[in-house]
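Structure first, then comments.
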Amino acid sequence: KPIPDPETRKVLGFEAFHLGTAKQLQAGEPASFEIVTAKQEMTRGDWMIPAVRPQLISYAPHKVDQTIEGRVASIYGSVEVGGRNSVVTINRGAADGLEVGHVLALYRNRSESFSDFDKDKREEVVLPNIRYGLLFVFRTFDRLSYALVVDANGTVNVNDFVKNP
C-alpha cells in the first residue's frame, strides 16, 4: 500500500503487511510450501519473502537533538484511527535526523471551521494544538519512520502532528 505524505501528497514509500509464515516443503518450479501461521487471509498475488534473522537493536529511549515537526502518515493495520500500542508511520526519517530510540510527542490537529451567525459565513479558526501522547521510534528509513504509540489520551489520527516533547 502506498504511504502518501500528509503535507505534500507525494508517496514516501510502500507498506507491506505480514500475513503469516510458510515452510518450504519441496524446492523447484513450482515449489511446495506449508502455511505455518496465518494472521490474515492470503490470496493470489501476495508476495513471499525469505525470512531473515532480525538484528538485535538496543532500544534505549532518548530525546531528539534537533527540532522535528511532522505528521502521522498512516496507522499500521488500520484505516485512519489508532490508539495506545498502535504502530504509526510518520513522514520524517533518517534524512531528517530521526533515529531508533527517539521519543516524539503527539499533538491533535486543531484547525476547525466554525459558523459566524452574525455574518452567515464559515470562518477558519486555528486553535492551539493539544499534546495528547508520546511515540517511540523503532524503525527508520530515509523519508519515513515507524513508531509505537506508548501513551495516548484518546485516538491517534492520520494527519496528527508529531514534534519534540
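FYI, nothing fancy with the C-alpha cells labels: chains A, B, ... in order, residues from 1 per chain, ligands from 1 as they appear.
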
10 Å contact set for Ala16 (chain A), only C-alpha atoms, chain neighbours under 6 positions out, as a PyMOL selection string:
chain A and resi 1-2+46-47+76

What residues in region 12-58 of chain A get the DSSP label strand (DSSP E or B)? Please answer as a list in words.
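Filtering region 12-58 of chain A to strand (DSSP E or B) leaves Leu12, Gly13, Phe14, Gly20, Thr21, Ala22, Lys23, Gln24, Leu25, Gln26, Ser32, Phe33, Glu34, Ile35, Val36, Thr37 and Ala38 of chain A.
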
Any chance you could export the current selection's N, CA and C atoms as a short mmCIF file (atom, residue, chain, number, x, y, z; two decimals), in the first residue's frame?
```cif
data_model
loop_
_atom_site.label_atom_id
_atom_site.label_comp_id
_atom_site.auth_asym_id
_atom_site.auth_seq_id
_atom_site.Cartn_x
_atom_site.Cartn_y
_atom_site.Cartn_z
N LEU A 12 5.78 8.43 0.05
CA LEU A 12 7.00 8.28 0.82
C LEU A 12 7.60 6.89 0.69
N GLY A 13 6.76 5.91 0.45
CA GLY A 13 7.18 4.52 0.35
C GLY A 13 5.97 3.62 0.25
N PHE A 14 6.21 2.33 0.28
CA PHE A 14 5.13 1.35 0.20
C PHE A 14 5.21 0.44 1.41
N GLY A 20 1.61 -13.90 7.45
CA GLY A 20 1.86 -15.17 8.13
C GLY A 20 3.22 -15.71 7.74
N THR A 21 3.45 -16.98 8.07
CA THR A 21 4.71 -17.64 7.74
C THR A 21 4.44 -18.96 7.04
N ALA A 22 5.41 -19.35 6.22
CA ALA A 22 5.31 -20.61 5.48
C ALA A 22 6.65 -21.34 5.56
N LYS A 23 6.59 -22.66 5.45
CA LYS A 23 7.78 -23.50 5.47
C LYS A 23 7.87 -24.21 4.12
N GLN A 24 9.05 -24.13 3.49
CA GLN A 24 9.22 -24.77 2.20
C GLN A 24 9.33 -26.28 2.39
N LEU A 25 8.48 -27.02 1.68
CA LEU A 25 8.49 -28.47 1.76
C LEU A 25 9.29 -29.10 0.63
N GLN A 26 9.20 -28.46 -0.55
CA GLN A 26 9.89 -29.01 -1.72
C GLN A 26 10.35 -27.85 -2.61
N SER A 32 6.87 -26.15 -3.26
CA SER A 32 5.74 -26.51 -2.41
C SER A 32 5.97 -25.95 -1.01
N PHE A 33 4.95 -25.29 -0.44
CA PHE A 33 5.05 -24.67 0.89
C PHE A 33 3.88 -25.10 1.75
N GLU A 34 4.13 -25.10 3.06
CA GLU A 34 3.06 -25.33 4.04
C GLU A 34 2.90 -24.04 4.84
N ILE A 35 1.68 -23.56 4.98
CA ILE A 35 1.41 -22.37 5.78
C ILE A 35 1.51 -22.78 7.25
N VAL A 36 2.42 -22.13 7.98
CA VAL A 36 2.64 -22.47 9.38
C VAL A 36 1.78 -21.58 10.29
N THR A 37 1.77 -20.29 10.01
CA THR A 37 0.91 -19.36 10.76
C THR A 37 0.22 -18.43 9.77
N ALA A 38 -0.99 -18.05 10.08
CA ALA A 38 -1.74 -17.12 9.22
C ALA A 38 -2.37 -16.05 10.10
#
```

Pick the closest to Val81 (chain A) from A:Pro61, A:Pro4, A:Gly154, A:Pro165: which is it, counting only C-alpha atoms?
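Of all the options, A:Gly154 lies closest to Val81 (chain A).
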
Excluding Arg71 (chain A) and residues on its chain fewer than 6 positions from it, collect all residues at most 12 Å away from it, counting only C-alpha atoms, and give them as a ChimeraX atom specification.
/A:4-9,88-93,104-109,135,144-147,156-163

Nearest-residue call for Glu99 (chain A), choices A:Ile130, A:Leu148, A:Val72, A:Val137, using only C-alpha atoms:
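Selected residue with least distance to Glu99 (chain A): A:Val137.
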
Choose the residue, out of A:Val150, A:Phe138, A:Pro30, A:Gln40, that has the smallest atom-to-atom separation from Leu56 (chain A); count only C-alpha atoms.
A:Phe138

Among listed residues A:Arg143, A:Ala152, A:Gly83, A:Arg53, nearest Arg131 (chain A) (using only C-alpha atoms):
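Nearest candidate to Arg131 (chain A) out of A:Arg143, A:Ala152, A:Gly83, A:Arg53: A:Ala152.
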
Give me, please, the distance in Å between CA of Ala60 (chain A) and CA of Ser74 (chain A), quoted to one decimal.
24.3 Å

Report, in Å to a single decimal, how far apart CA of His102 (chain A) and CA of Gly77 (chain A) are.
22.7 Å
